[in-house]
$ cat upload-v2.txt   # compact mmCIF, C-alpha atoms
# COMPACT_ATOMS: atom_id res chain seq x y z
CA MET A 1 73.39 -10.96 -140.93
CA SER A 2 71.39 -13.49 -139.09
CA SER A 3 72.56 -15.19 -135.92
CA TRP A 4 71.74 -18.69 -134.67
CA GLN A 5 70.03 -18.55 -131.29
CA GLY A 6 70.76 -21.42 -128.99
CA GLY A 7 73.12 -23.03 -131.40
CA PRO A 8 76.60 -24.11 -130.71
CA SER A 9 79.27 -21.44 -130.30
CA ARG A 10 81.64 -21.02 -133.14
CA GLY A 11 85.30 -20.29 -133.02
CA PRO A 12 87.28 -17.36 -134.49
CA GLY A 13 86.66 -16.70 -138.11
CA ASP A 14 83.13 -18.15 -137.81
CA ASN A 15 83.49 -20.52 -140.68
CA GLY A 16 80.30 -22.36 -139.75
CA THR A 17 82.10 -25.10 -137.80
CA PRO A 18 81.04 -25.45 -134.09
CA ASP A 19 83.62 -24.68 -131.41
CA TRP A 20 83.67 -28.15 -129.87
CA ALA A 21 86.04 -27.19 -127.06
CA ALA A 22 83.76 -24.42 -125.86
CA LEU A 23 80.77 -26.69 -125.98
CA ALA A 24 82.56 -29.32 -123.86
CA GLU A 25 83.53 -26.73 -121.28
CA GLU A 26 79.94 -25.46 -120.99
CA SER A 27 78.65 -28.99 -120.59
CA ALA A 28 81.17 -29.71 -117.83
CA ALA A 29 80.20 -26.50 -116.04
CA ARG A 30 76.54 -27.45 -116.12
CA ALA A 31 77.34 -30.90 -114.71
CA ARG A 32 79.30 -29.33 -111.87
CA ARG A 33 76.38 -27.03 -110.98
CA ARG A 34 73.92 -29.95 -110.89
CA ARG A 35 76.25 -31.94 -108.62
CA TRP A 36 76.60 -29.10 -106.12
CA LEU A 37 72.83 -28.58 -106.13
CA LEU A 38 72.30 -32.27 -105.33
CA ILE A 39 74.93 -32.22 -102.55
CA GLY A 40 73.50 -29.05 -101.06
CA GLY A 41 69.98 -30.45 -101.16
CA GLY A 42 71.11 -33.63 -99.43
CA VAL A 43 72.83 -31.68 -96.68
CA LEU A 44 69.75 -29.57 -96.18
CA ALA A 45 67.49 -32.64 -96.06
CA THR A 46 69.81 -34.31 -93.54
CA ALA A 47 69.78 -31.20 -91.38
CA LEU A 48 65.97 -31.05 -91.53
CA VAL A 49 65.64 -34.74 -90.55
CA GLY A 50 68.11 -34.23 -87.65
CA ALA A 51 66.13 -31.25 -86.44
CA ILE A 52 62.88 -33.25 -86.57
CA VAL A 53 64.45 -36.15 -84.64
CA ALA A 54 65.95 -33.78 -82.06
CA THR A 55 62.58 -32.09 -81.67
CA ALA A 56 60.90 -35.48 -81.19
CA VAL A 57 63.49 -36.51 -78.55
CA VAL A 58 63.04 -33.23 -76.68
CA SER A 59 59.26 -33.53 -76.88
CA THR A 60 59.18 -37.09 -75.53
CA GLY A 61 61.70 -36.27 -72.81
CA GLY A 62 59.03 -34.55 -70.72
CA GLY A 63 56.86 -37.67 -70.28
CA ASP A 64 56.59 -40.00 -67.31
CA GLY A 65 60.35 -40.45 -66.97
CA ARG A 66 60.42 -44.15 -67.77
CA ASN A 67 63.37 -45.36 -69.77
CA GLY A 68 61.66 -47.00 -72.74
CA PRO A 69 63.43 -49.45 -75.02
CA ASP A 70 64.33 -46.71 -77.62
CA ARG A 71 65.52 -44.15 -75.10
CA ALA A 72 69.30 -43.61 -75.02
CA ALA A 73 71.10 -43.80 -71.67
CA SER A 74 72.63 -40.38 -72.31
CA ASP A 75 69.13 -38.86 -72.32
CA LEU A 76 68.50 -39.95 -68.69
CA PRO A 77 68.90 -37.33 -65.96
CA ALA A 78 72.10 -37.51 -63.96
CA PRO A 79 71.76 -39.07 -60.45
CA VAL A 80 71.42 -36.63 -57.60
CA ASP A 81 73.13 -37.26 -54.25
CA LEU A 82 70.61 -36.81 -51.44
CA PRO A 83 71.88 -35.34 -48.18
CA GLU A 84 72.16 -37.73 -45.22
CA ASP A 85 69.54 -37.43 -42.51
CA THR A 86 71.91 -36.72 -39.67
CA ALA A 87 68.99 -36.10 -37.33
CA ALA A 88 67.92 -39.79 -37.35
CA PRO A 89 69.23 -41.67 -34.27
CA ALA A 90 71.82 -44.33 -34.99
CA PRO A 91 71.14 -47.83 -33.65
CA SER A 92 72.86 -48.51 -30.37
CA PHE A 93 73.93 -51.83 -28.92
CA SER A 94 74.75 -52.59 -25.34
CA SER A 95 78.30 -53.71 -24.71
CA VAL A 96 77.08 -55.82 -21.80
CA ALA A 97 76.03 -59.36 -22.74
CA PRO A 98 72.63 -60.45 -21.37
CA PRO A 99 72.80 -62.97 -18.54
CA PRO A 100 72.38 -66.61 -19.53
CA PRO A 101 69.02 -68.24 -18.81
CA PRO A 102 68.79 -69.94 -15.42
CA ASP A 103 69.89 -73.57 -15.31
CA PRO A 104 66.98 -75.74 -14.09
CA GLU A 105 69.39 -78.07 -12.28
CA ASP A 106 70.60 -75.17 -10.12
CA TYR A 107 67.11 -74.87 -8.67
CA ILE A 108 66.87 -78.45 -7.43
CA THR A 109 70.22 -78.62 -5.69
CA SER A 110 69.00 -77.27 -2.35
CA ALA A 111 65.79 -76.71 -0.39
CA ARG A 112 66.52 -72.97 -0.36
CA LYS A 113 66.24 -72.73 -4.16
CA ASP A 114 63.52 -75.36 -4.42
CA PRO A 115 60.77 -74.17 -2.06
CA ALA A 116 57.74 -75.38 -4.06
CA PRO A 117 55.40 -77.79 -2.24
CA ILE A 118 56.24 -81.48 -2.57
CA THR A 119 53.22 -83.69 -3.25
CA VAL A 120 52.48 -87.14 -4.62
CA ASP A 121 50.50 -85.71 -7.54
CA GLY A 122 53.30 -83.27 -8.27
CA PHE A 123 55.58 -86.19 -9.08
CA PHE A 124 53.06 -88.85 -10.14
CA PRO A 125 49.96 -87.16 -11.62
CA GLY A 126 46.96 -88.85 -13.21
CA ARG A 127 45.74 -92.45 -13.14
CA LYS A 128 48.03 -93.79 -15.84
CA LEU A 129 51.36 -93.02 -17.43
CA ALA A 130 51.94 -92.98 -21.20
CA MET A 131 55.51 -93.38 -22.41
CA GLY A 132 55.27 -93.37 -26.18
CA ASP A 133 52.76 -96.09 -27.06
CA ARG A 134 53.27 -97.86 -23.70
CA ILE A 135 50.54 -97.33 -21.11
CA HIS A 136 51.23 -98.01 -17.42
CA LEU A 137 48.31 -98.05 -14.99
CA LYS A 138 48.93 -96.39 -11.64
CA GLY A 139 48.15 -98.36 -8.47
CA ALA A 140 48.75 -97.27 -4.87
CA THR A 141 50.74 -94.19 -3.79
CA ASP A 142 52.27 -93.22 -0.47
CA ARG A 143 54.04 -90.27 1.15
CA THR A 144 55.76 -90.39 4.53
CA ALA A 145 58.24 -88.41 6.61
CA ASP A 146 59.46 -91.71 8.08
CA CYS A 147 61.68 -92.60 5.12
CA ALA A 148 62.81 -95.92 6.61
CA ALA A 149 59.19 -97.17 6.70
CA GLY A 150 59.16 -97.50 2.93
CA THR A 151 62.36 -99.49 2.58
CA GLN A 152 63.78 -103.00 2.84
CA GLY A 153 67.14 -104.04 4.22
CA ALA A 154 69.71 -101.41 5.18
CA LEU A 155 68.42 -98.62 2.94
CA GLY A 156 66.19 -97.20 5.69
CA GLN A 157 69.14 -96.56 7.97
CA VAL A 158 71.11 -94.94 5.14
CA LEU A 159 68.22 -92.59 4.37
CA LYS A 160 67.87 -91.62 7.99
CA ALA A 161 71.61 -91.04 8.45
CA ASN A 162 71.71 -88.63 5.54
CA GLY A 163 68.71 -86.63 6.66
CA CYS A 164 65.94 -87.89 4.37
CA GLU A 165 63.01 -85.51 4.86
CA GLN A 166 60.29 -87.52 3.16
CA LEU A 167 59.76 -90.46 0.84
CA ILE A 168 57.13 -90.60 -1.93
CA ARG A 169 56.24 -93.89 -3.64
CA ALA A 170 53.95 -94.92 -6.51
CA THR A 171 53.33 -98.30 -8.15
CA TYR A 172 52.53 -98.92 -11.82
CA ARG A 173 51.60 -102.13 -13.62
CA LYS A 174 51.65 -103.31 -17.22
CA ASP A 175 51.08 -106.77 -18.71
CA GLY A 176 51.80 -108.80 -15.55
CA VAL A 177 54.71 -106.59 -14.44
CA ALA A 178 54.61 -104.18 -11.49
CA VAL A 179 57.18 -101.55 -10.51
CA THR A 180 57.31 -99.28 -7.45
CA VAL A 181 59.34 -96.11 -7.82
CA GLY A 182 60.29 -93.99 -4.77
CA ILE A 183 61.68 -90.45 -4.50
CA ALA A 184 63.56 -89.49 -1.33
CA VAL A 185 63.91 -85.75 -0.57
CA PHE A 186 67.02 -84.24 1.05
CA ALA A 187 68.10 -80.72 1.98
CA THR A 188 71.07 -80.70 -0.37
CA GLU A 189 72.43 -82.40 -3.46
CA ALA A 190 75.45 -83.64 -1.54
CA ARG A 191 73.28 -85.66 0.85
CA ALA A 192 71.34 -87.28 -1.99
CA LYS A 193 74.58 -88.31 -3.72
CA LYS A 194 75.99 -89.69 -0.49
CA THR A 195 72.85 -91.79 -0.01
CA VAL A 196 73.28 -93.35 -3.44
CA ASP A 197 76.94 -94.11 -2.74
CA GLN A 198 76.04 -95.83 0.55
CA ALA A 199 72.81 -97.49 -0.59
CA SER A 200 72.16 -101.10 0.41
CA GLY A 201 68.90 -102.99 0.32
CA GLY A 202 66.19 -101.15 -1.58
CA ILE A 203 62.84 -99.45 -1.73
CA ALA A 204 59.90 -101.57 -0.55
CA SER A 205 57.26 -102.54 -3.14
CA LEU A 206 53.86 -100.89 -2.61
CA SER A 207 50.75 -102.97 -3.25
CA GLY A 208 47.13 -101.82 -3.50
CA GLY A 209 45.03 -100.05 -6.11
CA GLY A 210 44.59 -103.24 -8.11
CA VAL A 211 48.16 -104.43 -7.60
CA PRO A 212 48.72 -107.47 -5.35
CA THR A 213 51.79 -107.96 -3.17
CA PHE A 214 54.91 -108.46 -5.27
CA CYS A 215 58.68 -108.58 -4.81
CA ARG A 216 58.46 -109.75 -1.19
CA ALA A 217 59.42 -112.89 0.74
CA GLY A 218 62.73 -113.39 -1.01
CA THR A 219 61.42 -113.04 -4.57
CA VAL A 220 64.20 -112.03 -6.94
CA CYS A 221 63.36 -108.62 -8.46
CA ARG A 222 65.18 -105.82 -10.19
CA ARG A 223 66.28 -102.82 -8.09
CA THR A 224 67.78 -99.47 -9.16
CA THR A 225 69.26 -96.48 -7.32
CA ASN A 226 70.08 -93.01 -8.65
CA SER A 227 70.00 -89.30 -7.77
CA TYR A 228 69.39 -85.93 -9.41
CA GLY A 229 69.76 -82.67 -7.56
CA ARG A 230 68.62 -83.03 -3.95
CA TYR A 231 66.52 -86.08 -4.79
CA ALA A 232 67.47 -89.76 -4.70
CA TYR A 233 65.16 -92.08 -6.61
CA PHE A 234 64.80 -95.86 -6.45
CA SER A 235 62.79 -98.62 -8.09
CA VAL A 236 61.87 -102.25 -7.49
CA GLY A 237 60.11 -104.28 -10.17
CA GLY A 238 59.08 -107.84 -10.91
CA TYR A 239 56.35 -110.20 -12.03
CA LEU A 240 52.97 -110.19 -10.32
CA ASP A 241 52.93 -113.99 -10.33
CA GLY A 242 56.22 -114.17 -8.44
CA THR A 243 58.36 -115.35 -11.35
CA ARG A 244 62.05 -114.82 -10.75
CA VAL A 245 63.52 -111.83 -12.65
CA THR A 246 66.64 -112.51 -14.71
CA THR A 247 68.81 -110.40 -16.99
CA GLY A 248 66.67 -111.69 -19.86
CA SER A 249 63.42 -110.31 -18.38
CA LYS A 250 63.10 -107.55 -20.96
CA ASP A 251 59.55 -106.65 -20.02
CA VAL A 252 60.50 -105.97 -16.39
CA TYR A 253 63.47 -103.89 -17.50
CA ALA A 254 61.33 -101.94 -19.97
CA VAL A 255 58.67 -100.98 -17.40
CA GLY A 256 61.32 -100.15 -14.79
CA ASP A 257 63.26 -97.96 -17.26
CA ASP A 258 60.11 -96.10 -18.22
CA LEU A 259 59.30 -95.31 -14.59
CA THR A 260 62.80 -94.25 -13.52
CA ASP A 261 63.04 -92.09 -16.65
CA PHE A 262 59.71 -90.53 -15.75
CA ALA A 263 60.88 -89.84 -12.19
CA PHE A 264 63.98 -88.09 -13.54
CA ARG A 265 61.86 -85.97 -15.87
CA GLN A 266 59.52 -84.94 -13.07
CA ILE A 267 62.43 -83.85 -10.88
CA HIS A 268 63.87 -81.88 -13.80
CA ARG A 269 60.49 -80.29 -14.39
CA ARG A 270 60.56 -78.95 -10.83
CA GLY A 271 63.87 -77.30 -11.70
CA GLN A 272 62.40 -75.80 -14.87
CA LEU A 273 59.45 -74.33 -12.98
CA GLN A 274 61.70 -72.81 -10.31
CA ALA A 275 64.06 -71.39 -12.96
CA ALA A 276 61.18 -69.89 -14.94
CA ARG A 277 59.80 -68.26 -11.80
CA ALA A 278 63.21 -66.80 -10.98
CA ALA A 279 63.64 -65.45 -14.52
CA ALA A 280 60.21 -63.81 -14.46
CA ASP A 281 60.79 -62.18 -11.07
CA PRO A 282 64.53 -61.89 -10.28
CA ASP A 283 63.82 -59.94 -7.06
CA ALA A 284 61.51 -62.57 -5.59
$ encode --input "upload-v2.txt" --output "structure tokens"
Amino acid sequence: MSSWQGGPSRGPGDNGTPDWAALAEESAARARRRRWLLIGGGVLATALVGAIVATAVVSTGGGDGRNGPDRAASDLPAPVDLPEDTAAPAPSFSSVAPPPPPDPEDYITSARKDPAPITVDGFFPGRKLAMGDRIHLKGATDRTADCAAGTQGALGQVLKANGCEQLIRATYRKDGVAVTVGIAVFATEARAKKTVDQASGGIASLSGGGVPTFCRAGTVCRRTTNSYGRYAYFSVGGYLDGTRVTTGSKDVYAVGDDLTDFAFRQIHRRGQLQAARAAADPDA
């Protein structure tokens, strides 16, 4: 009896009719085997790809250590706490505040603190004075220990009574206006202030050096009196042609203000020089 190889299975009795149920079961079994093979192959492929990627990450991790754009933060090495250098000295600050800089005014309040030589050029240097764009030409100068000799009216007696040690004068001119400014030197600030409080009359104008006589013989001129430290300073100013000075004489006021301001600055400069010397050599 011949048998059919590879043909469909037949049921009991083998009446030549295929066993359709058996065939369906075999087909289902083959389908299940193919599906498991595909799933298993996919898992294996995924595992191989993961291994390759992991190998690539491990291989690139030993490079220059820079965190490139594709590098995950979890791949970076953990931060390491460095030990403190306890041997390094800590900064230290003094609890004592430094002394304040010397006050220039303190060094012009008495002859003891203000021992620098007193000269005409020390107060009125050069041949002209520039105050901004205003140029004043210097005329005659004078220095005397007889303070009353350089005054008019009662001022001489006031200077003498308060112990004036010397009087320095200088005259400046500008555009038909002349002003004489005088600086009287005392031993203390108190004496200079007392002189200003008692002042009467005024400083005498000083002619010469291209400046004719002015503010004499009853001519009305502008006079000022002030003090700073142990110095009292005065001014007298007017027109070279003898014109009477009034409150509207702006040019006379302007020149006079320039010169009295300059005198104040020169006195203050003496204080600055004395203070700087004291700061540089406190034991002197």
$ atom_distance --input "upload-v2.txt" --atom1 "atom CA of Thr246 of chain A" --atom2 "atom CA of Lys128 of chain A"
26.4 Å
$ residues_around --input "upload-v2.txt" --residues "Ser200 of chain A" --least-positions-apart "2" --cutoff "12 Å" --atoms "only C-alpha atoms" --output "short mmCIF file (atom, residue, chain, number, x, y, z; two decimals) with C-alpha atoms, in the frame of the given file"
data_model
loop_
_atom_site.label_atom_id
_atom_site.label_comp_id
_atom_site.auth_asym_id
_atom_site.auth_seq_id
_atom_site.Cartn_x
_atom_site.Cartn_y
_atom_site.Cartn_z
CA THR A 151 62.36 -99.49 2.58
CA GLN A 152 63.78 -103.00 2.84
CA GLY A 153 67.14 -104.04 4.22
CA ALA A 154 69.71 -101.41 5.18
CA LEU A 155 68.42 -98.62 2.94
CA GLY A 156 66.19 -97.20 5.69
CA GLN A 157 69.14 -96.56 7.97
CA VAL A 158 71.11 -94.94 5.14
CA LEU A 159 68.22 -92.59 4.37
CA THR A 195 72.85 -91.79 -0.01
CA VAL A 196 73.28 -93.35 -3.44
CA ASP A 197 76.94 -94.11 -2.74
CA GLN A 198 76.04 -95.83 0.55
CA GLY A 202 66.19 -101.15 -1.58
CA ILE A 203 62.84 -99.45 -1.73
CA ARG A 223 66.28 -102.82 -8.09
CA THR A 224 67.78 -99.47 -9.16
CA THR A 225 69.26 -96.48 -7.32
CA PHE A 234 64.80 -95.86 -6.45
#
$ closest_residue --input "upload-v2.txt" --among "A:Met131, A:Ala204, A:Ala149, A:Ile108" --to "Arg270 of chain A" --atoms "all atoms listed in the file"
A:Ile108
$ closest_residue --input "upload-v2.txt" --among "A:Lys113, A:Lys160, A:Arg216, A:Arg244" --to "Glu189 of chain A" --atoms "all atoms listed in the file"
A:Lys113
$ atom_distance --input "upload-v2.txt" --atom1 "atom CA of Tyr239 of chain A" --atom2 "atom CA of Ile183 of chain A"
21.8 Å
$ residues_around --input "upload-v2.txt" --residues "Cys215 of chain A" --least-positions-apart "5" --cutoff "9 Å" --atoms "all atoms listed in the file" --output "PyMOL selection string"
chain A and resi 178+204-205+220-222+236-240+242
$ write_last_selection --input "upload-v2.txt" --atoms "C-alpha atoms" --output "PDB file, in the coordinates of the input"
ATOM      1  CA  ALA A 178      54.610-104.180 -11.490  1.00  0.00           C
ATOM      2  CA  ALA A 204      59.900-101.570  -0.550  1.00  0.00           C
ATOM      3  CA  SER A 205      57.260-102.540  -3.140  1.00  0.00           C
ATOM      4  CA  VAL A 220      64.200-112.030  -6.940  1.00  0.00           C
ATOM      5  CA  CYS A 221      63.360-108.620  -8.460  1.00  0.00           C
ATOM      6  CA  ARG A 222      65.180-105.820 -10.190  1.00  0.00           C
ATOM      7  CA  VAL A 236      61.870-102.250  -7.490  1.00  0.00           C
ATOM      8  CA  GLY A 237      60.110-104.280 -10.170  1.00  0.00           C
ATOM      9  CA  GLY A 238      59.080-107.840 -10.910  1.00  0.00           C
ATOM     10  CA  TYR A 239      56.350-110.200 -12.030  1.00  0.00           C
ATOM     11  CA  LEU A 240      52.970-110.190 -10.320  1.00  0.00           C
ATOM     12  CA  GLY A 242      56.220-114.170  -8.440  1.00  0.00           C
TER      13      GLY A 242
END
$ closest_residue --input "upload-v2.txt" --among "A:Leu129, A:Ala184, A:Ala145, A:Ala199" --to "Leu259 of chain A" --atoms "all atoms listed in the file"
A:Leu129
$ closest_residue --input "upload-v2.txt" --among "A:Gly182, A:Gly271, A:Gly208, A:Gly176" --to "Val255 of chain A" --atoms "all atoms listed in the file"
A:Gly176
$ closest_residue --input "upload-v2.txt" --among "A:Arg143, A:Tyr233, A:Glu105, A:Val185" --to "Phe262 of chain A" --atoms "all atoms listed in the file"
A:Tyr233
$ closest_residue --input "upload-v2.txt" --among "A:Ala278, A:Val211, A:Cys164, A:Leu273" --to "Pro117 of chain A" --atoms "all atoms listed in the file"
A:Leu273
$ residues_around --input "upload-v2.txt" --residues "Gly139 of chain A" --least-positions-apart "2" --cutoff "6 Å" --atoms "all atoms listed in the file" --output "ChimeraX atom specification"
/A:171-172,209
$ axis_aligned_box --input "upload-v2.txt" --around "segment 236-243 of chain A" --padding-each-side "4 Å" --output "AutoDock Vina command-line options"
--center_x 57.4 --center_y -108.8 --center_z -9.8 --size_x 16.9 --size_y 21.1 --size_z 12.5
